[in-house]
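Structure data (mmCIF, N, CA and C atoms) from data17.cif:
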data_coords
loop_
_atom_site.label_atom_id
_atom_site.label_comp_id
_atom_site.auth_asym_id
_atom_site.auth_seq_id
_atom_site.Cartn_x
_atom_site.Cartn_y
_atom_site.Cartn_z
N MET W 1 34.34 185.57 167.05
CA MET W 1 34.88 184.50 166.24
C MET W 1 35.19 183.27 167.09
N LYS W 2 35.76 183.51 168.29
CA LYS W 2 36.08 182.40 169.17
C LYS W 2 34.81 181.62 169.55
N THR W 3 33.70 182.35 169.76
CA THR W 3 32.43 181.70 170.08
C THR W 3 31.98 180.81 168.94
N LEU W 4 32.12 181.27 167.70
CA LEU W 4 31.72 180.47 166.54
C LEU W 4 32.55 179.21 166.43
N ILE W 5 33.84 179.31 166.64
CA ILE W 5 34.71 178.14 166.58
C ILE W 5 34.35 177.16 167.68
N THR W 6 34.11 177.66 168.89
CA THR W 6 33.73 176.79 170.00
C THR W 6 32.41 176.10 169.71
N LEU W 7 31.43 176.83 169.19
CA LEU W 7 30.14 176.24 168.85
C LEU W 7 30.32 175.16 167.78
N GLY W 8 31.10 175.43 166.78
CA GLY W 8 31.34 174.46 165.71
C GLY W 8 31.99 173.19 166.24
N ILE W 9 32.99 173.33 167.08
CA ILE W 9 33.67 172.16 167.65
C ILE W 9 32.71 171.37 168.53
N PHE W 10 31.92 172.06 169.35
CA PHE W 10 30.94 171.39 170.20
C PHE W 10 29.93 170.60 169.36
N LEU W 11 29.40 171.22 168.32
CA LEU W 11 28.41 170.54 167.49
C LEU W 11 29.00 169.33 166.79
N MET W 12 30.23 169.44 166.32
CA MET W 12 30.85 168.30 165.64
C MET W 12 31.16 167.16 166.61
N LEU W 13 31.53 167.48 167.84
CA LEU W 13 31.83 166.44 168.82
C LEU W 13 30.56 165.71 169.27
N CYS W 14 29.42 166.38 169.18
CA CYS W 14 28.15 165.79 169.61
C CYS W 14 27.44 165.03 168.49
N ALA W 15 28.02 164.94 167.33
CA ALA W 15 27.37 164.29 166.19
C ALA W 15 27.08 162.82 166.48
N ILE W 16 25.94 162.36 165.99
CA ILE W 16 25.58 160.95 166.12
C ILE W 16 25.44 160.34 164.74
N PRO W 17 25.77 159.05 164.56
CA PRO W 17 25.73 158.45 163.22
C PRO W 17 24.31 158.34 162.66
N VAL W 18 24.18 158.61 161.37
CA VAL W 18 22.93 158.45 160.65
C VAL W 18 23.25 158.00 159.23
N HIS W 19 22.92 156.78 158.88
CA HIS W 19 23.15 156.26 157.54
C HIS W 19 24.56 156.55 157.02
N GLY W 20 25.56 156.39 157.83
CA GLY W 20 26.92 156.66 157.40
C GLY W 20 27.31 158.12 157.52
N GLN W 21 26.33 159.01 157.76
CA GLN W 21 26.63 160.42 157.97
C GLN W 21 26.47 160.70 159.46
N ASN W 22 26.56 161.93 159.82
CA ASN W 22 26.34 162.35 161.20
C ASN W 22 25.29 163.44 161.22
N LEU W 23 24.53 163.48 162.28
CA LEU W 23 23.47 164.46 162.41
C LEU W 23 23.44 164.93 163.86
N VAL W 24 23.25 166.21 164.07
CA VAL W 24 23.21 166.73 165.43
C VAL W 24 22.27 167.91 165.51
N ALA W 25 21.71 168.14 166.68
CA ALA W 25 20.86 169.30 166.98
C ALA W 25 19.57 169.26 166.18
N GLY W 26 18.78 170.31 166.32
CA GLY W 26 17.53 170.41 165.60
C GLY W 26 16.38 169.73 166.32
N SER W 27 15.18 170.13 165.96
CA SER W 27 13.99 169.54 166.55
C SER W 27 13.81 168.11 166.04
N ASP W 28 12.97 167.35 166.72
CA ASP W 28 12.69 165.97 166.28
C ASP W 28 12.15 165.96 164.86
N THR W 29 11.28 166.91 164.54
CA THR W 29 10.70 166.98 163.20
C THR W 29 11.77 167.25 162.16
N ALA W 30 12.65 168.21 162.43
CA ALA W 30 13.72 168.54 161.47
C ALA W 30 14.65 167.36 161.29
N ARG W 31 15.02 166.69 162.38
CA ARG W 31 15.90 165.52 162.27
C ARG W 31 15.23 164.42 161.46
N SER W 32 13.94 164.23 161.64
CA SER W 32 13.20 163.22 160.91
C SER W 32 13.22 163.50 159.41
N VAL W 33 13.00 164.74 159.03
CA VAL W 33 13.03 165.12 157.61
C VAL W 33 14.42 164.88 157.04
N VAL W 34 15.47 165.24 157.78
CA VAL W 34 16.84 165.03 157.29
C VAL W 34 17.15 163.54 157.17
N HIS W 35 16.68 162.72 158.12
CA HIS W 35 16.86 161.26 158.03
C HIS W 35 16.28 160.75 156.71
N VAL W 36 15.06 161.17 156.40
CA VAL W 36 14.40 160.75 155.15
C VAL W 36 15.21 161.23 153.95
N ALA W 37 15.66 162.48 154.00
CA ALA W 37 16.44 163.03 152.89
C ALA W 37 17.73 162.24 152.67
N LEU W 38 18.42 161.93 153.74
CA LEU W 38 19.68 161.18 153.61
C LEU W 38 19.42 159.77 153.08
N GLY W 39 18.25 159.23 153.35
CA GLY W 39 17.90 157.92 152.83
C GLY W 39 17.72 157.90 151.32
N ARG W 40 17.53 159.05 150.72
CA ARG W 40 17.39 159.16 149.26
C ARG W 40 18.72 159.14 148.53
N PHE W 41 19.83 159.23 149.27
CA PHE W 41 21.14 159.23 148.63
C PHE W 41 21.48 157.83 148.13
N LYS W 42 22.07 157.74 146.95
CA LYS W 42 22.47 156.46 146.38
C LYS W 42 23.64 155.85 147.13
N THR W 43 24.42 156.68 147.76
CA THR W 43 25.61 156.24 148.47
C THR W 43 25.77 157.07 149.74
N SER W 44 26.41 156.51 150.74
CA SER W 44 26.65 157.30 151.95
C SER W 44 27.99 158.01 151.82
N LEU W 45 28.11 159.08 152.54
CA LEU W 45 29.35 159.85 152.58
C LEU W 45 29.86 159.74 154.00
N PRO W 46 30.70 158.75 154.29
CA PRO W 46 31.05 158.42 155.68
C PRO W 46 31.74 159.51 156.48
N THR W 47 32.34 160.46 155.84
CA THR W 47 33.02 161.49 156.61
C THR W 47 32.27 162.82 156.57
N TRP W 48 30.97 162.75 156.39
CA TRP W 48 30.14 163.94 156.26
C TRP W 48 29.28 164.11 157.50
N SER W 49 29.25 165.30 158.05
CA SER W 49 28.37 165.61 159.17
C SER W 49 27.35 166.64 158.72
N VAL W 50 26.11 166.44 159.14
CA VAL W 50 25.04 167.39 158.87
C VAL W 50 24.61 167.97 160.21
N VAL W 51 24.65 169.28 160.33
CA VAL W 51 24.29 169.96 161.57
C VAL W 51 23.09 170.85 161.29
N ILE W 52 22.02 170.64 162.03
CA ILE W 52 20.83 171.46 161.91
C ILE W 52 20.94 172.60 162.91
N LEU W 53 20.81 173.83 162.41
CA LEU W 53 20.91 175.00 163.27
C LEU W 53 19.57 175.70 163.37
N ASP W 54 19.18 176.09 164.58
CA ASP W 54 17.97 176.91 164.71
C ASP W 54 18.33 178.34 164.30
N GLU W 55 17.34 179.20 164.26
CA GLU W 55 17.57 180.56 163.75
C GLU W 55 18.61 181.34 164.56
N ALA W 56 18.62 181.18 165.88
CA ALA W 56 19.61 181.89 166.71
C ALA W 56 21.02 181.40 166.40
N GLN W 57 21.20 180.09 166.27
CA GLN W 57 22.51 179.54 165.93
C GLN W 57 22.93 179.98 164.52
N TRP W 58 21.96 180.02 163.61
CA TRP W 58 22.24 180.45 162.23
C TRP W 58 22.82 181.86 162.24
N LYS W 59 22.23 182.73 163.04
CA LYS W 59 22.71 184.11 163.14
C LYS W 59 24.11 184.17 163.75
N GLN W 60 24.41 183.25 164.70
CA GLN W 60 25.75 183.23 165.29
C GLN W 60 26.82 182.92 164.25
N TRP W 61 26.45 182.21 163.20
CA TRP W 61 27.39 181.92 162.13
C TRP W 61 27.49 183.08 161.14
N GLY W 62 26.79 184.18 161.45
CA GLY W 62 26.87 185.36 160.60
C GLY W 62 25.95 185.31 159.39
N LYS W 63 24.97 184.41 159.42
CA LYS W 63 24.04 184.28 158.30
C LYS W 63 22.74 185.00 158.63
N THR W 64 22.13 185.62 157.63
CA THR W 64 20.82 186.22 157.85
C THR W 64 19.77 185.13 157.73
N PRO W 65 18.65 185.26 158.42
CA PRO W 65 17.69 184.18 158.52
C PRO W 65 17.26 183.54 157.20
N HIS W 66 17.04 184.30 156.17
CA HIS W 66 16.55 183.69 154.93
C HIS W 66 17.51 183.87 153.76
N SER W 67 18.78 184.03 154.06
CA SER W 67 19.75 184.27 153.00
C SER W 67 19.99 183.02 152.16
N ILE W 68 20.27 181.92 152.78
CA ILE W 68 20.51 180.65 152.10
C ILE W 68 19.95 179.53 152.97
N ALA W 69 19.79 178.36 152.38
CA ALA W 69 19.25 177.23 153.13
C ALA W 69 20.33 176.48 153.89
N ALA W 70 21.53 176.42 153.30
CA ALA W 70 22.60 175.63 153.91
C ALA W 70 23.95 176.12 153.39
N PHE W 71 25.00 175.74 154.11
CA PHE W 71 26.35 176.00 153.64
C PHE W 71 27.25 174.90 154.17
N SER W 72 28.35 174.69 153.50
CA SER W 72 29.28 173.63 153.91
C SER W 72 30.65 174.20 154.19
N VAL W 73 31.32 173.57 155.12
CA VAL W 73 32.72 173.87 155.41
C VAL W 73 33.49 172.71 154.79
N ILE W 74 34.05 172.96 153.62
CA ILE W 74 34.62 171.89 152.81
C ILE W 74 35.75 171.15 153.53
N PRO W 75 36.74 171.84 154.10
CA PRO W 75 37.82 171.08 154.75
C PRO W 75 37.33 170.20 155.91
N GLY W 76 36.30 170.65 156.62
CA GLY W 76 35.79 169.88 157.75
C GLY W 76 34.72 168.88 157.36
N ARG W 77 34.27 168.92 156.09
CA ARG W 77 33.22 168.04 155.57
C ARG W 77 31.97 168.10 156.45
N VAL W 78 31.57 169.34 156.76
CA VAL W 78 30.39 169.58 157.58
C VAL W 78 29.42 170.46 156.80
N THR W 79 28.16 170.08 156.80
CA THR W 79 27.11 170.90 156.21
C THR W 79 26.22 171.41 157.32
N PHE W 80 25.97 172.70 157.30
CA PHE W 80 25.05 173.33 158.25
C PHE W 80 23.79 173.68 157.48
N ILE W 81 22.63 173.24 157.97
CA ILE W 81 21.37 173.54 157.32
C ILE W 81 20.44 174.22 158.31
N ARG W 82 19.69 175.19 157.82
CA ARG W 82 18.81 175.99 158.66
C ARG W 82 17.53 175.23 158.98
N GLN W 83 17.24 175.07 160.27
CA GLN W 83 16.05 174.33 160.70
C GLN W 83 14.78 174.95 160.12
N GLY W 84 14.72 176.27 160.06
CA GLY W 84 13.55 176.93 159.50
C GLY W 84 13.30 176.53 158.06
N TYR W 85 14.37 176.31 157.30
CA TYR W 85 14.22 175.86 155.91
C TYR W 85 13.62 174.46 155.88
N ILE W 86 14.14 173.58 156.70
CA ILE W 86 13.67 172.19 156.73
C ILE W 86 12.18 172.14 157.04
N LEU W 87 11.74 172.94 157.98
CA LEU W 87 10.36 172.89 158.45
C LEU W 87 9.37 173.60 157.52
N THR W 88 9.86 174.39 156.57
CA THR W 88 8.96 175.14 155.69
C THR W 88 9.08 174.75 154.22
N HIS W 89 9.83 173.72 153.93
CA HIS W 89 9.99 173.28 152.55
C HIS W 89 9.68 171.79 152.44
N THR W 90 9.49 171.33 151.21
CA THR W 90 9.15 169.93 150.99
C THR W 90 10.37 169.05 151.21
N PRO W 91 10.14 167.77 151.52
CA PRO W 91 11.28 166.84 151.65
C PRO W 91 12.15 166.80 150.39
N ASP W 92 11.54 166.89 149.21
CA ASP W 92 12.33 166.90 147.97
C ASP W 92 13.26 168.10 147.91
N GLN W 93 12.79 169.26 148.37
CA GLN W 93 13.64 170.45 148.38
C GLN W 93 14.79 170.28 149.36
N VAL W 94 14.53 169.67 150.50
CA VAL W 94 15.59 169.42 151.49
C VAL W 94 16.61 168.43 150.91
N VAL W 95 16.14 167.39 150.23
CA VAL W 95 17.04 166.43 149.58
C VAL W 95 17.96 167.15 148.60
N ASN W 96 17.38 168.01 147.77
CA ASN W 96 18.18 168.72 146.77
C ASN W 96 19.22 169.64 147.40
N VAL W 97 18.84 170.33 148.47
CA VAL W 97 19.81 171.21 149.16
C VAL W 97 20.96 170.39 149.73
N LEU W 98 20.63 169.30 150.43
CA LEU W 98 21.68 168.47 151.03
C LEU W 98 22.55 167.82 149.96
N ALA W 99 21.95 167.38 148.87
CA ALA W 99 22.73 166.77 147.78
C ALA W 99 23.64 167.80 147.13
N HIS W 100 23.15 169.02 146.97
CA HIS W 100 23.99 170.09 146.42
C HIS W 100 25.19 170.34 147.33
N GLU W 101 24.94 170.43 148.63
CA GLU W 101 26.04 170.65 149.58
C GLU W 101 27.01 169.47 149.58
N ALA W 102 26.49 168.25 149.49
CA ALA W 102 27.36 167.07 149.40
C ALA W 102 28.19 167.12 148.13
N GLY W 103 27.62 167.69 147.06
CA GLY W 103 28.37 167.86 145.81
C GLY W 103 29.59 168.74 146.01
N HIS W 104 29.43 169.82 146.79
CA HIS W 104 30.59 170.67 147.10
C HIS W 104 31.67 169.86 147.81
N LEU W 105 31.26 169.02 148.74
CA LEU W 105 32.23 168.23 149.50
C LEU W 105 32.90 167.18 148.62
N GLU W 106 32.14 166.57 147.75
CA GLU W 106 32.69 165.52 146.88
C GLU W 106 33.68 166.08 145.86
N CYS W 107 33.38 167.27 145.32
CA CYS W 107 34.32 167.86 144.34
C CYS W 107 35.40 168.67 145.04
N ASN W 108 35.24 168.86 146.35
CA ASN W 108 36.20 169.64 147.12
C ASN W 108 36.39 171.03 146.50
N CYS W 109 35.24 171.62 146.12
CA CYS W 109 35.30 172.90 145.43
C CYS W 109 34.08 173.74 145.78
N GLU W 110 34.15 175.02 145.43
CA GLU W 110 33.04 175.93 145.67
C GLU W 110 32.19 176.15 144.43
N SER W 111 32.48 175.45 143.35
CA SER W 111 31.76 175.63 142.09
C SER W 111 30.30 175.19 142.23
N GLU W 112 29.39 176.14 142.00
CA GLU W 112 27.96 175.83 142.08
C GLU W 112 27.57 174.86 140.96
N GLU W 113 28.13 175.04 139.78
CA GLU W 113 27.79 174.19 138.64
C GLU W 113 28.24 172.75 138.89
N ARG W 114 29.44 172.58 139.38
CA ARG W 114 29.96 171.22 139.65
C ARG W 114 29.16 170.57 140.79
N ALA W 115 28.81 171.33 141.80
CA ALA W 115 28.00 170.79 142.91
C ALA W 115 26.65 170.32 142.39
N ASP W 116 26.05 171.07 141.46
CA ASP W 116 24.77 170.67 140.88
C ASP W 116 24.91 169.39 140.05
N GLU W 117 26.00 169.28 139.31
CA GLU W 117 26.24 168.05 138.52
C GLU W 117 26.33 166.83 139.44
N LEU W 118 27.08 166.96 140.51
CA LEU W 118 27.23 165.85 141.45
C LEU W 118 25.94 165.58 142.22
N MET W 119 25.15 166.62 142.47
CA MET W 119 23.88 166.47 143.16
C MET W 119 23.01 165.44 142.44
N VAL W 120 22.93 165.54 141.12
CA VAL W 120 22.11 164.63 140.33
C VAL W 120 22.62 163.20 140.46
N GLN W 121 23.92 163.03 140.55
CA GLN W 121 24.50 161.68 140.69
C GLN W 121 24.31 161.09 142.08
N LEU W 122 24.18 161.93 143.09
CA LEU W 122 24.13 161.47 144.47
C LEU W 122 22.76 161.02 144.95
N ILE W 123 21.70 161.56 144.35
CA ILE W 123 20.38 161.22 144.86
C ILE W 123 19.64 160.29 143.90
N ASP W 124 18.80 159.48 144.48
CA ASP W 124 17.98 158.55 143.71
C ASP W 124 16.64 159.21 143.49
N SER W 125 16.40 159.67 142.28
CA SER W 125 15.15 160.38 141.99
C SER W 125 13.97 159.43 141.78
N HIS W 126 14.23 158.14 141.82
CA HIS W 126 13.17 157.16 141.58
C HIS W 126 12.54 156.64 142.84
N LEU W 127 12.92 157.15 144.01
CA LEU W 127 12.33 156.68 145.27
C LEU W 127 11.04 157.39 145.56
#
Show me the file's structure as structure tokens.
Amino acid sequence: MKTLITLGIFLMLCAIPVHGQNLVAGSDTARSVVHVALGRFKTSLPTWSVVILDEAQWKQWGKTPHSIAAFSVIPGRVTFIRQGYILTHTPDQVVNVLAHEAGHLECNCESEERADELMVQLIDSHL
């Protein structure tokens, strides 16, 4: 557990600004896809960090490789997304996952239905 907390703190401290959000780690390709995805948002979420985790880091967080695409830590306003998901799915799918996770942060809740409602409001589907 201490290792997970240390990894989380390290990743958050290394975050770099991206369109009002923060982005850290991940391959150049994965970061590029996330940059494009964040550009589809109608508004920026200034206190939101997006952390791309490779498969080994994903497992350190106690997640199985293909269990979910992303998860958020609501109090810390951090979304962790699996690099393998980014590299094997379309940009639209990545946008939807990130918008869904941002919905959790915006409603400050774990409700999947509410996150989906906010997801539709957060992204510009006309781009």
message: Here's the selection I'm unsure about, the PyMOL selection byres ((chain W and resi 81-93) around 8); applied to the file above, which residues does it give, as a PyMOL selection string?
response: chain W and resi 26-27+29-31+33-34+36-37+50-55+58+65+68-72+78-80+94-99
Just the selected residues (N, CA and C atoms), exported as a PDB file, keeping the file's coordinate frame, please.
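Once everything was written out, this is again_6.pdb:
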ATOM      1  N   GLY W  26      18.780 170.310 166.320  1.00  0.00           N
ATOM      2  CA  GLY W  26      17.530 170.410 165.600  1.00  0.00           C
ATOM      3  C   GLY W  26      16.380 169.730 166.320  1.00  0.00           C
ATOM      4  N   SER W  27      15.180 170.130 165.960  1.00  0.00           N
ATOM      5  CA  SER W  27      13.990 169.540 166.550  1.00  0.00           C
ATOM      6  C   SER W  27      13.810 168.110 166.040  1.00  0.00           C
ATOM      7  N   THR W  29      11.280 166.910 164.540  1.00  0.00           N
ATOM      8  CA  THR W  29      10.700 166.980 163.200  1.00  0.00           C
ATOM      9  C   THR W  29      11.770 167.250 162.160  1.00  0.00           C
ATOM     10  N   ALA W  30      12.650 168.210 162.430  1.00  0.00           N
ATOM     11  CA  ALA W  30      13.720 168.540 161.470  1.00  0.00           C
ATOM     12  C   ALA W  30      14.650 167.360 161.290  1.00  0.00           C
ATOM     13  N   ARG W  31      15.020 166.690 162.380  1.00  0.00           N
ATOM     14  CA  ARG W  31      15.900 165.520 162.270  1.00  0.00           C
ATOM     15  C   ARG W  31      15.230 164.420 161.460  1.00  0.00           C
ATOM     16  N   VAL W  33      13.000 164.740 159.030  1.00  0.00           N
ATOM     17  CA  VAL W  33      13.030 165.120 157.610  1.00  0.00           C
ATOM     18  C   VAL W  33      14.420 164.880 157.040  1.00  0.00           C
ATOM     19  N   VAL W  34      15.470 165.240 157.780  1.00  0.00           N
ATOM     20  CA  VAL W  34      16.840 165.030 157.290  1.00  0.00           C
ATOM     21  C   VAL W  34      17.150 163.540 157.170  1.00  0.00           C
ATOM     22  N   VAL W  36      15.060 161.170 156.400  1.00  0.00           N
ATOM     23  CA  VAL W  36      14.400 160.750 155.150  1.00  0.00           C
ATOM     24  C   VAL W  36      15.210 161.230 153.950  1.00  0.00           C
ATOM     25  N   ALA W  37      15.660 162.480 154.000  1.00  0.00           N
ATOM     26  CA  ALA W  37      16.440 163.030 152.890  1.00  0.00           C
ATOM     27  C   ALA W  37      17.730 162.240 152.670  1.00  0.00           C
ATOM     28  N   VAL W  50      26.110 166.440 159.140  1.00  0.00           N
ATOM     29  CA  VAL W  50      25.040 167.390 158.870  1.00  0.00           C
ATOM     30  C   VAL W  50      24.610 167.970 160.210  1.00  0.00           C
ATOM     31  N   VAL W  51      24.650 169.280 160.330  1.00  0.00           N
ATOM     32  CA  VAL W  51      24.290 169.960 161.570  1.00  0.00           C
ATOM     33  C   VAL W  51      23.090 170.850 161.290  1.00  0.00           C
ATOM     34  N   ILE W  52      22.020 170.640 162.030  1.00  0.00           N
ATOM     35  CA  ILE W  52      20.830 171.460 161.910  1.00  0.00           C
ATOM     36  C   ILE W  52      20.940 172.600 162.910  1.00  0.00           C
ATOM     37  N   LEU W  53      20.810 173.830 162.410  1.00  0.00           N
ATOM     38  CA  LEU W  53      20.910 175.000 163.270  1.00  0.00           C
ATOM     39  C   LEU W  53      19.570 175.700 163.370  1.00  0.00           C
ATOM     40  N   ASP W  54      19.180 176.090 164.580  1.00  0.00           N
ATOM     41  CA  ASP W  54      17.970 176.910 164.710  1.00  0.00           C
ATOM     42  C   ASP W  54      18.330 178.340 164.300  1.00  0.00           C
ATOM     43  N   GLU W  55      17.340 179.200 164.260  1.00  0.00           N
ATOM     44  CA  GLU W  55      17.570 180.560 163.750  1.00  0.00           C
ATOM     45  C   GLU W  55      18.610 181.340 164.560  1.00  0.00           C
ATOM     46  N   TRP W  58      21.960 180.020 163.610  1.00  0.00           N
ATOM     47  CA  TRP W  58      22.240 180.450 162.230  1.00  0.00           C
ATOM     48  C   TRP W  58      22.820 181.860 162.240  1.00  0.00           C
ATOM     49  N   PRO W  65      18.650 185.260 158.420  1.00  0.00           N
ATOM     50  CA  PRO W  65      17.690 184.180 158.520  1.00  0.00           C
ATOM     51  C   PRO W  65      17.260 183.540 157.200  1.00  0.00           C
ATOM     52  N   ILE W  68      20.270 181.920 152.780  1.00  0.00           N
ATOM     53  CA  ILE W  68      20.510 180.650 152.100  1.00  0.00           C
ATOM     54  C   ILE W  68      19.950 179.530 152.970  1.00  0.00           C
ATOM     55  N   ALA W  69      19.790 178.360 152.380  1.00  0.00           N
ATOM     56  CA  ALA W  69      19.250 177.230 153.130  1.00  0.00           C
ATOM     57  C   ALA W  69      20.330 176.480 153.890  1.00  0.00           C
ATOM     58  N   ALA W  70      21.530 176.420 153.300  1.00  0.00           N
ATOM     59  CA  ALA W  70      22.600 175.630 153.910  1.00  0.00           C
ATOM     60  C   ALA W  70      23.950 176.120 153.390  1.00  0.00           C
ATOM     61  N   PHE W  71      25.000 175.740 154.110  1.00  0.00           N
ATOM     62  CA  PHE W  71      26.350 176.000 153.640  1.00  0.00           C
ATOM     63  C   PHE W  71      27.250 174.900 154.170  1.00  0.00           C
ATOM     64  N   SER W  72      28.350 174.690 153.500  1.00  0.00           N
ATOM     65  CA  SER W  72      29.280 173.630 153.910  1.00  0.00           C
ATOM     66  C   SER W  72      30.650 174.200 154.190  1.00  0.00           C
ATOM     67  N   VAL W  78      31.570 169.340 156.760  1.00  0.00           N
ATOM     68  CA  VAL W  78      30.390 169.580 157.580  1.00  0.00           C
ATOM     69  C   VAL W  78      29.420 170.460 156.800  1.00  0.00           C
ATOM     70  N   THR W  79      28.160 170.080 156.800  1.00  0.00           N
ATOM     71  CA  THR W  79      27.110 170.900 156.210  1.00  0.00           C
ATOM     72  C   THR W  79      26.220 171.410 157.320  1.00  0.00           C
ATOM     73  N   PHE W  80      25.970 172.700 157.300  1.00  0.00           N
ATOM     74  CA  PHE W  80      25.050 173.330 158.250  1.00  0.00           C
ATOM     75  C   PHE W  80      23.790 173.680 157.480  1.00  0.00           C
ATOM     76  N   VAL W  94      14.530 169.670 150.500  1.00  0.00           N
ATOM     77  CA  VAL W  94      15.590 169.420 151.490  1.00  0.00           C
ATOM     78  C   VAL W  94      16.610 168.430 150.910  1.00  0.00           C
ATOM     79  N   VAL W  95      16.140 167.390 150.230  1.00  0.00           N
ATOM     80  CA  VAL W  95      17.040 166.430 149.580  1.00  0.00           C
ATOM     81  C   VAL W  95      17.960 167.150 148.600  1.00  0.00           C
ATOM     82  N   ASN W  96      17.380 168.010 147.770  1.00  0.00           N
ATOM     83  CA  ASN W  96      18.180 168.720 146.770  1.00  0.00           C
ATOM     84  C   ASN W  96      19.220 169.640 147.400  1.00  0.00           C
ATOM     85  N   VAL W  97      18.840 170.330 148.470  1.00  0.00           N
ATOM     86  CA  VAL W  97      19.810 171.210 149.160  1.00  0.00           C
ATOM     87  C   VAL W  97      20.960 170.390 149.730  1.00  0.00           C
ATOM     88  N   LEU W  98      20.630 169.300 150.430  1.00  0.00           N
ATOM     89  CA  LEU W  98      21.680 168.470 151.030  1.00  0.00           C
ATOM     90  C   LEU W  98      22.550 167.820 149.960  1.00  0.00           C
ATOM     91  N   ALA W  99      21.950 167.380 148.870  1.00  0.00           N
ATOM     92  CA  ALA W  99      22.730 166.770 147.780  1.00  0.00           C
ATOM     93  C   ALA W  99      23.640 167.800 147.130  1.00  0.00           C
TER      94      ALA W  99
END
field: Gap from atom CA of Ile123 of chain W to atom CA of Trp61 of chain W - Å, one decimal
entry: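 A separation of 27.9 Å between them.
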- request: Please indicate the distance in Å from atom CA of Lys59 of chain W to atom CA of Glu112 of chain W, rounded to one decimal place.
  value: 23.2 Å
- prompt: Taking the backbone alone, and naming residues the way the document does, which bits of segment 8-125 of chain W are alpha helix (DSSP H) by DSSP, as a PyMOL selection string?
  reply: chain W and resi 8-13+28-39+55-60+83-88+91-107+112-122
message: With distances taken over all atoms listed in the file, which residue among W:Glu110, W:Gly76, W:Ser67, W:His104 lies nearest Thr47 of chain W?
response: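 Of the candidates, the smallest distance to Thr47 of chain W is held by W:Gly76.
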query: Any idea what the distance is between atom CA of Gly62 of chain W and atom CA of Ala102 of chain W?
result: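 About the pair atom CA of Gly62 of chain W and atom CA of Ala102 of chain W: they are 21.5 Å apart.
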- prompt: Of the residues W:Glu101, W:Gln57, W:Trp48, W:Glu106, which is the one nearest to Arg77 of chain W, using only C-alpha atoms?
  reply: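 Of all the options, W:Trp48 lies closest to Arg77 of chain W.
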message: List as a PyMOL selection string the protein and nucleic acid residues near Ala115 of chain W, meaning an atom at most 5 Å away when all atoms listed in the file are counted, but skip any in the same chain fewer than 2 places from it.
response: chain W and resi 100+103-104+111-113+117-119
